[in-house]
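Pasted below: structure_1.txt, compact mmCIF, C-alpha atoms.
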```txt
# COMPACT_ATOMS: atom_id res chain seq x y z
CA MET A 189 0.00 0.00 0.00
CA PRO A 190 1.30 3.50 -0.77
CA ASP A 191 2.50 5.83 1.97
CA ILE A 192 -0.04 8.64 2.38
CA PRO A 193 1.15 10.93 5.17
CA LEU A 194 -1.36 12.57 7.45
CA GLY A 195 -1.00 16.08 8.84
CA VAL A 196 -2.93 18.12 11.39
CA LEU A 197 -4.63 21.42 10.57
CA ASP A 198 -5.32 23.17 13.87
CA LEU A 199 -7.58 26.21 14.26
CA VAL A 200 -6.84 26.45 18.01
CA PRO A 201 -10.56 26.11 18.76
CA VAL A 202 -12.02 27.57 21.96
CA SER A 203 -14.74 25.39 23.48
CA SER A 204 -17.76 26.88 25.19
CA GLY A 205 -17.00 27.47 28.85
CA SER A 206 -13.29 27.53 28.11
CA THR A 207 -10.69 30.24 27.42
CA ALA A 208 -8.21 31.13 24.71
CA ALA A 209 -5.36 30.23 27.06
CA GLU A 210 -6.78 26.74 27.54
CA ALA A 211 -7.21 26.38 23.78
CA LEU A 212 -3.55 27.25 23.22
CA HIS A 213 -2.40 24.73 25.83
CA HIS A 214 -4.61 22.11 24.21
CA SER A 215 -3.19 22.78 20.75
CA ILE A 216 0.39 22.45 21.98
CA ASP A 217 -0.58 19.22 23.70
CA LEU A 218 -2.22 18.00 20.49
CA ALA A 219 1.03 18.66 18.60
CA ARG A 220 2.93 16.51 21.10
CA HIS A 221 0.45 13.69 20.55
CA ALA A 222 0.56 14.14 16.77
CA GLU A 223 4.35 13.84 16.87
CA ARG A 224 4.12 10.65 18.94
CA LEU A 225 1.48 9.18 16.61
CA GLY A 226 3.52 9.74 13.45
CA TYR A 227 1.67 12.65 11.86
CA ALA A 228 3.90 14.36 9.31
CA ARG A 229 3.13 17.98 10.13
CA HIS A 230 1.06 20.24 12.37
CA TRP A 231 -0.23 23.47 10.83
CA PHE A 232 -1.96 26.42 12.44
CA ALA A 233 -4.64 28.38 10.60
CA GLU A 234 -5.09 32.15 10.81
CA HIS A 235 -8.44 33.66 11.74
CA HIS A 236 -9.42 37.00 13.27
CA LEU A 237 -12.28 38.41 15.36
CA ASN A 238 -13.67 34.94 16.06
CA PRO A 239 -14.57 34.25 19.71
CA GLY A 240 -14.27 30.51 19.12
CA VAL A 241 -10.86 30.48 17.41
CA ALA A 242 -7.62 31.55 19.11
CA GLY A 243 -5.21 31.02 16.20
CA THR A 244 -4.77 34.65 15.23
CA SER A 245 -1.02 34.42 14.55
CA PRO A 246 0.32 31.16 13.14
CA ALA A 247 3.95 32.25 13.55
CA VAL A 248 3.55 32.94 17.27
CA VAL A 249 1.68 29.69 17.96
CA LEU A 250 4.07 27.53 15.99
CA ALA A 251 7.05 29.16 17.74
CA LEU A 252 5.56 28.12 21.08
CA THR A 253 4.81 24.66 19.73
CA ALA A 254 8.29 24.21 18.28
CA ALA A 255 9.72 24.59 21.77
CA ALA A 256 7.43 21.81 23.02
CA THR A 257 8.12 19.30 20.21
CA SER A 258 11.22 17.99 18.50
CA THR A 259 10.61 16.27 15.15
CA ILE A 260 7.18 17.03 13.68
CA ARG A 261 7.11 19.68 10.94
CA LEU A 262 5.26 22.84 11.96
CA GLY A 263 3.72 25.50 9.79
CA SER A 264 1.00 27.88 8.79
CA GLY A 265 -2.17 26.94 7.07
CA ALA A 266 -2.02 29.75 6.09
CA VAL A 267 -0.39 33.13 6.72
CA GLN A 268 -2.82 35.52 5.03
CA LEU A 269 -0.84 37.90 2.84
CA GLY A 270 -3.76 40.27 2.40
CA HIS A 271 -2.70 42.10 5.54
CA ARG A 272 1.00 41.28 5.83
CA THR A 273 4.11 42.18 3.92
CA ALA A 274 6.57 39.79 2.35
CA LEU A 275 9.36 41.07 4.62
CA SER A 276 7.46 40.67 7.89
CA THR A 277 6.50 37.13 6.89
CA VAL A 278 10.06 36.10 6.02
CA GLU A 279 11.44 37.68 9.18
CA GLU A 280 8.92 35.93 11.44
CA PHE A 281 9.64 32.51 10.00
CA GLY A 282 13.35 33.27 9.87
CA LEU A 283 13.34 33.93 13.60
CA ILE A 284 11.74 30.57 14.32
CA ASP A 285 13.95 28.69 11.86
CA ALA A 286 17.03 30.16 13.53
CA LEU A 287 16.15 28.21 16.69
CA HIS A 288 14.37 25.23 15.11
CA PRO A 289 16.03 24.77 11.70
CA GLY A 290 14.56 22.55 9.02
CA ARG A 291 11.13 22.03 10.56
CA LEU A 292 9.01 24.84 9.12
CA ASP A 293 6.33 24.93 6.43
CA LEU A 294 5.43 28.43 5.30
CA GLY A 295 1.89 28.08 4.00
CA LEU A 296 0.61 31.22 2.27
CA GLY A 297 -2.93 32.33 1.50
CA ARG A 298 -4.32 35.42 -0.17
CA SER A 299 -7.29 36.29 2.06
CA GLY A 300 -7.48 39.65 3.72
CA GLY A 301 -8.45 42.11 1.02
CA ARG A 302 -5.53 42.31 -1.40
CA PRO A 303 -6.46 42.45 -5.08
CA THR A 304 -5.45 39.62 -7.37
CA ARG A 305 -5.10 39.51 -11.09
CA GLU A 306 -7.16 37.02 -13.03
CA SER A 307 -5.52 33.80 -14.07
CA ALA A 308 -3.95 34.18 -17.48
CA THR A 309 -4.52 30.57 -18.45
CA ALA A 310 -7.84 28.79 -18.53
CA THR A 311 -8.19 25.91 -16.10
CA ALA A 312 -10.53 22.97 -16.12
CA GLU A 313 -14.21 23.69 -15.62
CA PRO A 314 -15.47 23.02 -12.10
CA PRO A 315 -17.11 19.58 -11.91
CA ALA A 316 -20.87 19.46 -11.77
CA PRO A 317 -22.33 18.88 -8.31
CA GLY A 318 -22.90 15.25 -7.49
CA ARG A 319 -20.22 12.61 -7.26
CA ALA A 320 -16.69 12.27 -8.56
CA PRO A 321 -16.11 9.16 -10.70
CA ASN A 322 -15.04 7.21 -7.59
CA GLY A 323 -18.08 8.36 -5.58
CA LEU A 324 -16.59 11.30 -3.64
CA LEU A 325 -19.35 13.79 -2.82
CA ILE A 326 -19.02 17.10 -4.69
CA PRO A 327 -21.75 19.42 -3.35
CA PRO A 328 -23.09 22.52 -5.10
CA PRO A 329 -20.84 25.59 -4.75
CA PHE A 330 -21.51 27.80 -1.77
CA SER A 331 -21.90 31.52 -2.41
CA TYR A 332 -20.60 34.12 0.04
CA THR A 333 -22.30 37.04 -1.72
CA HIS A 334 -24.68 37.46 1.25
CA LEU A 335 -21.69 38.60 3.32
CA LEU A 336 -20.54 41.39 1.01
CA GLY A 337 -22.55 44.04 2.84
CA SER A 338 -21.86 42.71 6.32
CA PRO A 339 -20.73 45.44 8.79
CA ARG A 340 -18.60 42.85 10.58
CA VAL A 341 -16.78 41.88 7.38
CA ALA A 342 -16.19 45.56 6.60
CA LEU A 343 -14.82 46.13 10.10
CA GLN A 344 -12.49 43.17 9.81
CA ARG A 345 -11.09 44.52 6.57
CA LYS A 346 -10.62 47.96 8.14
CA LEU A 347 -8.78 46.57 11.16
CA LEU A 348 -6.59 44.15 9.19
CA LEU A 349 -5.53 46.11 6.14
CA LEU A 350 -2.34 48.10 6.44
CA PRO A 351 -3.21 51.83 6.54
CA ASN A 352 -2.10 53.97 3.61
CA ALA A 353 -0.33 51.00 2.00
CA GLU A 354 -0.39 50.47 -1.74
CA PRO A 355 -2.06 47.10 -2.43
CA GLN A 356 0.38 44.56 -3.86
CA ASP A 357 -0.46 41.81 -6.31
CA TYR A 358 -0.46 38.38 -4.65
CA ALA A 359 1.89 36.82 -7.19
CA GLU A 360 4.34 39.68 -6.64
CA GLN A 361 4.22 39.08 -2.90
CA ILE A 362 5.09 35.41 -3.43
CA ASP A 363 7.99 36.38 -5.69
CA ASP A 364 9.24 38.85 -3.06
CA ILE A 365 9.11 36.14 -0.38
CA LEU A 366 11.04 33.73 -2.60
CA ALA A 367 13.64 36.40 -3.34
CA LEU A 368 14.03 37.42 0.31
CA LEU A 369 14.48 33.78 1.35
CA ALA A 370 17.03 33.24 -1.42
CA GLY A 371 18.91 36.50 -0.78
CA THR A 372 18.30 37.76 -4.31
CA TYR A 373 15.82 40.57 -3.59
CA ARG A 374 16.27 43.76 -5.59
CA SER A 375 13.89 46.69 -5.75
CA ALA A 376 12.79 48.18 -9.06
CA GLU A 377 15.63 50.67 -8.61
CA GLY A 378 18.13 47.87 -8.03
CA VAL A 379 18.50 48.34 -4.27
CA GLU A 380 19.27 45.15 -2.34
CA ALA A 381 17.42 44.03 0.79
CA HIS A 382 18.51 41.22 3.08
CA ALA A 383 16.23 39.75 5.74
CA VAL A 384 18.22 38.69 8.80
CA PRO A 385 17.10 36.33 10.13
CA GLY A 386 15.10 34.96 7.20
CA GLU A 387 17.53 34.86 4.31
CA GLY A 388 18.60 31.27 3.77
CA ALA A 389 15.98 29.89 6.16
CA ASP A 390 15.28 26.21 5.60
CA VAL A 391 11.52 26.44 5.11
CA ASP A 392 9.21 24.68 2.66
CA LEU A 393 6.86 27.04 0.85
CA TRP A 394 3.23 26.01 0.29
CA ILE A 395 0.39 27.84 -1.43
CA LEU A 396 -3.14 27.24 -0.16
CA GLY A 397 -6.06 27.58 -2.54
CA SER A 398 -9.73 26.73 -2.88
CA SER A 399 -10.12 26.97 -6.66
CA GLY A 400 -8.22 26.52 -9.89
CA GLY A 401 -7.58 30.27 -10.20
CA THR A 402 -4.88 32.62 -8.95
CA SER A 403 -3.48 30.55 -6.08
CA ALA A 404 -3.31 27.38 -8.17
CA GLU A 405 -1.55 29.27 -10.95
CA VAL A 406 0.94 30.96 -8.60
CA ALA A 407 1.83 27.63 -7.00
CA GLY A 408 2.04 25.68 -10.25
CA ALA A 409 3.96 28.24 -12.29
CA ARG A 410 6.62 28.52 -9.58
CA GLY A 411 6.85 24.81 -8.89
CA LEU A 412 5.68 25.11 -5.28
CA ARG A 413 3.66 22.75 -3.10
CA PHE A 414 -0.11 23.23 -3.13
CA ALA A 415 -2.73 22.57 -0.45
CA ALA A 416 -6.39 22.36 -1.49
CA ASN A 417 -9.33 22.61 0.89
CA TYR A 418 -12.02 19.95 0.73
CA HIS A 419 -13.10 20.91 4.23
CA VAL A 420 -13.63 24.60 3.34
CA SER A 421 -14.68 24.43 -0.29
CA PRO A 422 -15.64 20.84 -1.19
CA ALA A 423 -17.39 21.96 -4.38
CA THR A 424 -14.16 23.17 -5.96
CA VAL A 425 -11.48 20.82 -4.65
CA LEU A 426 -11.15 18.89 -7.93
CA GLU A 427 -10.99 22.13 -9.90
CA ALA A 428 -8.25 23.37 -7.55
CA VAL A 429 -5.95 20.35 -7.84
CA ASP A 430 -6.52 20.02 -11.59
CA GLY A 431 -5.77 23.71 -12.09
CA TYR A 432 -2.57 23.51 -10.06
CA ARG A 433 -1.33 20.49 -12.01
CA SER A 434 -2.13 22.14 -15.33
CA PHE A 435 0.00 25.17 -14.38
CA PHE A 436 2.86 23.20 -12.85
CA LYS A 437 6.42 23.72 -14.05
CA PRO A 438 9.39 21.87 -12.52
CA SER A 439 11.51 24.05 -10.25
CA GLU A 440 14.40 23.95 -7.83
CA PHE A 441 11.84 22.94 -5.21
CA LEU A 442 9.93 20.17 -6.99
CA ASP A 443 10.26 18.13 -10.15
CA ARG A 444 6.58 17.15 -10.12
CA PRO A 445 3.37 18.53 -8.57
CA TYR A 446 2.87 17.91 -4.88
CA VAL A 447 -0.61 18.21 -3.37
CA SER A 448 -2.11 18.06 0.10
CA VAL A 449 -5.88 18.00 0.58
CA SER A 450 -7.69 18.82 3.81
CA ALA A 451 -10.68 17.10 5.36
CA ASP A 452 -12.87 17.65 8.41
CA VAL A 453 -12.84 14.46 10.49
CA VAL A 454 -14.24 13.07 13.73
CA VAL A 455 -13.38 9.50 14.69
CA ALA A 456 -14.61 7.50 17.65
CA GLU A 457 -14.82 3.81 18.53
CA ASP A 458 -18.17 3.51 16.74
CA ASP A 459 -20.32 5.55 14.37
CA ALA A 460 -22.92 6.55 16.97
CA THR A 461 -20.32 7.95 19.36
CA ALA A 462 -18.61 9.86 16.56
CA ARG A 463 -21.92 11.40 15.45
CA GLU A 464 -22.59 12.54 19.02
CA LEU A 465 -19.15 14.17 19.27
CA ALA A 466 -19.71 15.90 15.93
CA THR A 467 -23.09 17.36 16.91
CA GLY A 468 -21.86 20.93 17.48
CA TYR A 469 -20.25 21.31 14.06
CA ASP A 470 -23.25 22.55 12.08
CA LEU A 471 -24.00 25.31 14.60
CA TRP A 472 -20.34 26.33 14.60
CA VAL A 473 -20.26 26.54 10.77
CA ARG A 474 -23.49 28.55 10.81
CA SER A 475 -21.84 31.17 13.02
CA ILE A 476 -19.03 31.56 10.49
CA ARG A 477 -21.25 31.78 7.46
CA THR A 478 -23.61 34.34 8.97
CA ALA A 479 -20.60 36.65 9.64
CA GLU A 480 -21.25 36.34 13.36
CA GLY A 481 -17.76 34.94 13.74
CA ALA A 482 -16.95 31.43 14.91
CA ILE A 483 -18.65 30.90 18.24
CA PRO A 484 -16.98 28.95 21.07
CA TYR A 485 -17.43 25.33 20.04
CA PRO A 486 -20.70 24.11 21.59
CA THR A 487 -21.44 20.95 23.50
CA PRO A 488 -23.79 18.49 21.79
CA ALA A 489 -26.53 19.58 24.19
CA GLU A 490 -26.00 23.26 23.41
CA ALA A 491 -26.09 22.52 19.70
CA ARG A 492 -29.31 20.53 19.96
CA ALA A 493 -31.00 23.47 21.70
CA HIS A 494 -30.71 25.63 18.56
CA ALA A 495 -33.93 26.08 16.58
CA TRP A 496 -32.96 25.46 12.97
CA SER A 497 -34.66 27.16 10.03
CA ASP A 498 -34.52 25.93 6.45
CA GLU A 499 -32.30 28.92 5.66
CA ASP A 500 -29.89 27.94 8.43
CA ARG A 501 -29.68 24.38 7.16
CA ALA A 502 -28.93 25.56 3.64
CA LEU A 503 -26.03 27.65 4.97
CA VAL A 504 -24.19 24.64 6.37
CA GLN A 505 -25.37 21.64 4.35
CA ASP A 506 -22.33 21.28 2.09
CA ARG A 507 -19.93 21.36 5.04
CA VAL A 508 -21.97 18.91 7.11
CA ASP A 509 -22.39 16.50 4.20
CA THR A 510 -18.67 16.43 3.46
CA ARG A 511 -17.41 15.97 7.02
CA PHE A 512 -16.07 12.47 7.61
CA VAL A 513 -17.61 11.18 10.86
CA GLY A 514 -17.61 7.64 12.18
CA SER A 515 -15.62 4.63 13.26
CA PRO A 516 -11.95 4.34 12.26
CA GLY A 517 -12.79 2.02 9.38
CA ARG A 518 -15.58 4.19 7.99
CA VAL A 519 -13.53 7.39 8.11
CA ALA A 520 -10.45 5.73 6.63
CA ASP A 521 -12.60 4.49 3.73
CA LEU A 522 -13.76 8.05 3.07
CA LEU A 523 -10.24 9.45 3.30
CA GLU A 524 -9.01 6.85 0.83
CA GLN A 525 -11.82 7.92 -1.49
CA LEU A 526 -10.79 11.58 -1.15
CA GLN A 527 -7.15 10.72 -1.81
CA GLU A 528 -8.05 8.66 -4.86
CA ALA A 529 -10.31 11.36 -6.34
CA THR A 530 -7.76 14.15 -5.87
CA GLU A 531 -4.59 12.01 -6.25
CA ALA A 532 -3.31 13.81 -3.16
CA ASP A 533 0.23 13.08 -2.00
CA GLU A 534 -0.89 13.57 1.59
CA LEU A 535 -3.97 14.51 3.61
CA LEU A 536 -4.42 17.26 6.18
CA ILE A 537 -6.87 16.44 8.96
CA THR A 538 -8.79 19.03 10.96
CA THR A 539 -10.78 17.77 13.93
CA ILE A 540 -12.79 19.84 16.39
CA THR A 541 -14.73 18.42 19.32
CA HIS A 542 -15.89 20.12 22.48
CA ARG A 543 -13.68 18.04 24.77
CA HIS A 544 -9.93 18.05 24.19
CA ALA A 545 -9.67 14.37 25.13
CA ASP A 546 -12.11 13.44 22.37
CA ARG A 547 -10.05 15.35 19.81
CA ILE A 548 -6.87 13.57 20.89
CA ARG A 549 -8.67 10.22 20.77
CA SER A 550 -9.95 10.93 17.25
CA TYR A 551 -6.42 11.53 15.96
CA GLU A 552 -5.17 8.42 17.78
CA LEU A 553 -7.82 6.14 16.31
CA LEU A 554 -7.32 7.52 12.82
CA ALA A 555 -3.52 7.12 12.91
CA ARG A 556 -3.86 3.56 14.15
CA GLU A 557 -6.28 2.61 11.36
CA TRP A 558 -4.28 4.46 8.71
CA ARG A 559 -1.15 2.63 9.80
CA ARG A 560 -2.98 -0.71 9.85
CA ARG A 561 -3.86 -0.15 6.18
CA GLY A 562 -0.21 0.38 5.30
CA HIS A 563 -0.42 4.13 4.60
CA LEU A 564 1.90 5.09 7.47
CA ALA A 565 5.25 3.62 8.43
CA PRO A 566 5.30 1.59 11.65
CA LEU A 567 6.09 3.57 14.77
CA GLU A 568 9.56 3.16 16.16
CA ALA A 569 9.76 1.45 19.51
CA PRO A 570 10.63 3.90 22.31
CA ALA A 571 14.25 3.88 23.37
CA ARG A 572 15.00 2.07 26.64
```
In structure tokens, what does this structure look like?
Amino acid sequence: MPDIPLGVLDLVPVSSGSTAAEALHHSIDLARHAERLGYARHWFAEHHLNPGVAGTSPAVVLALTAAATSTIRLGSGAVQLGHRTALSTVEEFGLIDALHPGRLDLGLGRSGGRPTRESATATAEPPAPGRAPNGLLIPPPFSYTHLLGSPRVALQRKLLLLPNAEPQDYAEQIDDILALLAGTYRSAEGVEAHAVPGEGADVDLWILGSSGGTSAEVAGARGLRFAANYHVSPATVLEAVDGYRSFFKPSEFLDRPYVSVSADVVVAEDDATARELATGYDLWVRSIRTAEGAIPYPTPAEARAHAWSDEDRALVQDRVDTRFVGSPGRVADLLEQLQEATEADELLITTITHRHADRIRSYELLAREWRRRGHLAPLEAPAR
């Protein structure tokens, strides 16, 4: 059986009745467990103004986590360049690499309000809703147009965007990051700039994208690694990976395309227990998609108390339908289906439950089953 590494995508979720400090401690503890269980990497997402998510700065959280682990790769999933500069990003990761060399993944996203140019090359048409040839569910696309006039979204943009800064094209930002890391940066006037620390940092660059457009083109044309989001945008995951591969050109980093695909997962000893643990997910997604901001993750009882309207259900249906929930065998079957449909080189697993112990147990059960199927190398026996 082929090796298919698993990684962790961690939002640093805050459970109801808990605090951001507890969430951070739990995420660091999860990384220790992930390292012990043989997960390949542990990434931290970036979100802002969300009461239920404490991962506002991936660089800060992964620096803390690097000090508590020793071998697992750590990174961002993703640093959002819409409100950061290339230099600040390289310097932050350079600082961490100086103390923990060779362990960092710099995952980059383009959210946050920066303009992007349209892709110059046509990509494959998005697949019609339904099923991929191997049966993977491809739901109808979700539209965020209802959020365009949201006062909260406008406020977030105001607070995040750099004041009085000239917007920079996303592809240019990526090129600046590559140049600063390589030590080859020159301004338009020919002036050199050297990021210290940062220049020469041993980091792997990833581009995260939800469609076959700008992000897929930027990653492919520069021969970078690409991470697609089935858990965020299941309707366009096939379009995203196909677009990336169509743009790919061999580079000093890769000689062939390399793809990771994310999935929302909850595993328990049996299907019924897993469904109970996953009960709060739909209410949590609703809070995001109404622009309320991610609420503290509810208990199953709190979630069941919500009075659902048809409109509410429509807001979350694609995410609920594409979450992999169940026993280890059931979830592993679904992950194999996702990997086959996307031809992913590895999978990135994001799991949120109200209790930290249940989240740890989910990752344990999944790793055990994945290893049993031959997708992960056997764990080394602890030294005596």
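Omitting stretch 495-502 of chain A and its sequence neighbours fewer than 4 positions away, and counting only C-alpha atoms, the residues within 12 Å are Pro327, Pro328, Pro329, Phe330, Ser331, Asp470, Leu471, Trp472, Val473, Arg474, Ser475, Ile476, Arg477, Thr478, Glu490, Ala491, Asp506, Arg507, Val508 and Asp509 of chain A.
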> Pick the closest to A:Glu557 from A:Leu199, A:Ala383, A:Leu336, A:Leu225: which is it, counting only C-alpha atoms?
Replying inline: A:Leu225
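Within 7 Å of stretch 252-258 of chain A, once all atoms listed in the file are used and residues closer than 5 positions along the same chain are dropped, the contacting residues are Ile216, Arg220 and His288 of chain A.
What separates atom CA of A:Val200 from atom CA of A:Leu287 is a distance of 23.1 Å.
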> What gap, in Å, lies between atom CA of A:Arg492 and atom CA of A:Gly514?
Replying inline: 19.1 Å
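Counting only C-alpha atoms and comparing A:Tyr418, A:Tyr227, A:Tyr446, A:Phe435, the residue that lies closest to A:Trp558 is A:Tyr227.
Candidate residues A:Leu325, A:Ile284, A:Val384, A:Ala228 were compared for distance to A:Ile192, and the nearest is A:Ala228, using all atoms listed in the file.
Of the listed residues (A:Glu534, A:Glu457, A:Asp198, A:Glu387), A:Asp198 comes nearest to A:Thr244; the distances count only C-alpha atoms.
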> What does the distance between atom CA of A:Arg413 and atom CA of A:Val241 come to in Å, to one decimal place?
Replying inline: 26.3 Å
>> Using only C-alpha atoms, can you tell me which of A:Gly468, A:Gly205, A:Pro193, A:Gly240 comes closest to A:Glu480?
In response: A:Gly240
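Closest approach to A:Ile260 from the set A:Thr273, A:Gln356, A:Gly290, A:His494 is made by A:Gly290, with distances taken over all atoms listed in the file.
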> Counting all atoms listed in the file, what is within 12 Å of A:His271, bar same-chain residues fewer than 4 positions away, as a PyMOL selection string?
Replying inline: chain A and resi 234-236+245+267+276-277+296-303+344-351+353-356+358+361
Pick out the residues sitting within 8 Å of A:Ala381, and hand them over as a PDB file with C-alpha atoms, keeping the file's coordinate frame; count only C-alpha atoms, and ignore anything fewer than 6 positions along from it in its own chain.
```
ATOM      1  CA  LEU A 368      14.030  37.420   0.310  1.00  0.00           C
ATOM      2  CA  GLY A 371      18.910  36.500  -0.780  1.00  0.00           C
ATOM      3  CA  TYR A 373      15.820  40.570  -3.590  1.00  0.00           C
ATOM      4  CA  ARG A 374      16.270  43.760  -5.590  1.00  0.00           C
ATOM      5  CA  SER A 375      13.890  46.690  -5.750  1.00  0.00           C
TER       6      SER A 375
END
```
Tell me which residues come within 12 Å of (-23.3, 18.3, 23.1), as a PDB file with C-alpha atoms, in the frame of the given file, counting all atoms listed in the file in the file's coordinates.
```pdb
ATOM      1  CA  SER A 203     -14.740  25.390  23.480  1.00  0.00           C
ATOM      2  CA  SER A 204     -17.760  26.880  25.190  1.00  0.00           C
ATOM      3  CA  THR A 461     -20.320   7.950  19.360  1.00  0.00           C
ATOM      4  CA  ALA A 462     -18.610   9.860  16.560  1.00  0.00           C
ATOM      5  CA  ARG A 463     -21.920  11.400  15.450  1.00  0.00           C
ATOM      6  CA  GLU A 464     -22.590  12.540  19.020  1.00  0.00           C
ATOM      7  CA  LEU A 465     -19.150  14.170  19.270  1.00  0.00           C
ATOM      8  CA  ALA A 466     -19.710  15.900  15.930  1.00  0.00           C
ATOM      9  CA  THR A 467     -23.090  17.360  16.910  1.00  0.00           C
ATOM     10  CA  GLY A 468     -21.860  20.930  17.480  1.00  0.00           C
ATOM     11  CA  TYR A 469     -20.250  21.310  14.060  1.00  0.00           C
ATOM     12  CA  ASP A 470     -23.250  22.550  12.080  1.00  0.00           C
ATOM     13  CA  LEU A 471     -24.000  25.310  14.600  1.00  0.00           C
ATOM     14  CA  TYR A 485     -17.430  25.330  20.040  1.00  0.00           C
ATOM     15  CA  PRO A 486     -20.700  24.110  21.590  1.00  0.00           C
ATOM     16  CA  THR A 487     -21.440  20.950  23.500  1.00  0.00           C
ATOM     17  CA  PRO A 488     -23.790  18.490  21.790  1.00  0.00           C
ATOM     18  CA  ALA A 489     -26.530  19.580  24.190  1.00  0.00           C
ATOM     19  CA  GLU A 490     -26.000  23.260  23.410  1.00  0.00           C
ATOM     20  CA  ALA A 491     -26.090  22.520  19.700  1.00  0.00           C
ATOM     21  CA  ARG A 492     -29.310  20.530  19.960  1.00  0.00           C
ATOM     22  CA  ALA A 493     -31.000  23.470  21.700  1.00  0.00           C
ATOM     23  CA  HIS A 494     -30.710  25.630  18.560  1.00  0.00           C
ATOM     24  CA  THR A 541     -14.730  18.420  19.320  1.00  0.00           C
ATOM     25  CA  HIS A 542     -15.890  20.120  22.480  1.00  0.00           C
ATOM     26  CA  ARG A 543     -13.680  18.040  24.770  1.00  0.00           C
TER      27      ARG A 543
END
```
Filled-in N, CA, C and O atoms of stretch 482-494 of chain A, supplied as a PDB file, keeping the file's coordinate frame:
```
ATOM      1  N   ALA A 482     -16.882  32.757  14.316  1.00  0.00           N
ATOM      2  CA  ALA A 482     -16.950  31.430  14.910  1.00  0.00           C
ATOM      3  C   ALA A 482     -17.225  31.527  16.412  1.00  0.00           C
ATOM      4  O   ALA A 482     -16.476  32.160  17.155  1.00  0.00           O
ATOM      5  N   ILE A 483     -18.294  30.904  16.831  1.00  0.00           N
ATOM      6  CA  ILE A 483     -18.650  30.900  18.240  1.00  0.00           C
ATOM      7  C   ILE A 483     -17.770  29.887  18.985  1.00  0.00           C
ATOM      8  O   ILE A 483     -17.199  28.983  18.366  1.00  0.00           O
ATOM      9  N   PRO A 484     -17.625  30.029  20.313  1.00  0.00           N
ATOM     10  CA  PRO A 484     -16.980  28.950  21.070  1.00  0.00           C
ATOM     11  C   PRO A 484     -17.676  27.629  20.750  1.00  0.00           C
ATOM     12  O   PRO A 484     -18.914  27.549  20.702  1.00  0.00           O
ATOM     13  N   TYR A 485     -16.879  26.584  20.547  1.00  0.00           N
ATOM     14  CA  TYR A 485     -17.430  25.330  20.040  1.00  0.00           C
ATOM     15  C   TYR A 485     -18.405  24.732  21.048  1.00  0.00           C
ATOM     16  O   TYR A 485     -18.046  24.470  22.200  1.00  0.00           O
ATOM     17  N   PRO A 486     -19.659  24.507  20.634  1.00  0.00           N
ATOM     18  CA  PRO A 486     -20.700  24.110  21.590  1.00  0.00           C
ATOM     19  C   PRO A 486     -20.628  22.647  21.984  1.00  0.00           C
ATOM     20  O   PRO A 486     -20.062  21.811  21.270  1.00  0.00           O
ATOM     21  N   THR A 487     -21.225  22.337  23.123  1.00  0.00           N
ATOM     22  CA  THR A 487     -21.440  20.950  23.500  1.00  0.00           C
ATOM     23  C   THR A 487     -22.552  20.379  22.624  1.00  0.00           C
ATOM     24  O   THR A 487     -23.350  21.134  22.037  1.00  0.00           O
ATOM     25  N   PRO A 488     -22.651  19.061  22.520  1.00  0.00           N
ATOM     26  CA  PRO A 488     -23.790  18.490  21.790  1.00  0.00           C
ATOM     27  C   PRO A 488     -25.131  18.985  22.314  1.00  0.00           C
ATOM     28  O   PRO A 488     -26.045  19.267  21.527  1.00  0.00           O
ATOM     29  N   ALA A 489     -25.255  19.113  23.627  1.00  0.00           N
ATOM     30  CA  ALA A 489     -26.530  19.580  24.190  1.00  0.00           C
ATOM     31  C   ALA A 489     -26.818  21.020  23.796  1.00  0.00           C
ATOM     32  O   ALA A 489     -27.966  21.377  23.471  1.00  0.00           O
ATOM     33  N   GLU A 490     -25.806  21.871  23.825  1.00  0.00           N
ATOM     34  CA  GLU A 490     -26.000  23.260  23.410  1.00  0.00           C
ATOM     35  C   GLU A 490     -26.391  23.335  21.938  1.00  0.00           C
ATOM     36  O   GLU A 490     -27.250  24.140  21.551  1.00  0.00           O
ATOM     37  N   ALA A 491     -25.779  22.509  21.134  1.00  0.00           N
ATOM     38  CA  ALA A 491     -26.090  22.520  19.700  1.00  0.00           C
ATOM     39  C   ALA A 491     -27.518  22.055  19.443  1.00  0.00           C
ATOM     40  O   ALA A 491     -28.220  22.618  18.597  1.00  0.00           O
ATOM     41  N   ARG A 492     -27.953  21.037  20.177  1.00  0.00           N
ATOM     42  CA  ARG A 492     -29.310  20.530  19.960  1.00  0.00           C
ATOM     43  C   ARG A 492     -30.379  21.531  20.394  1.00  0.00           C
ATOM     44  O   ARG A 492     -31.521  21.462  19.931  1.00  0.00           O
ATOM     45  N   ALA A 493     -30.023  22.481  21.235  1.00  0.00           N
ATOM     46  CA  ALA A 493     -31.000  23.470  21.700  1.00  0.00           C
ATOM     47  C   ALA A 493     -31.299  24.539  20.652  1.00  0.00           C
ATOM     48  O   ALA A 493     -32.251  25.305  20.805  1.00  0.00           O
ATOM     49  N   HIS A 494     -30.484  24.605  19.591  1.00  0.00           N
ATOM     50  CA  HIS A 494     -30.710  25.630  18.560  1.00  0.00           C
ATOM     51  C   HIS A 494     -31.922  25.280  17.712  1.00  0.00           C
ATOM     52  O   HIS A 494     -32.081  24.133  17.276  1.00  0.00           O
TER      53      HIS A 494
END
```
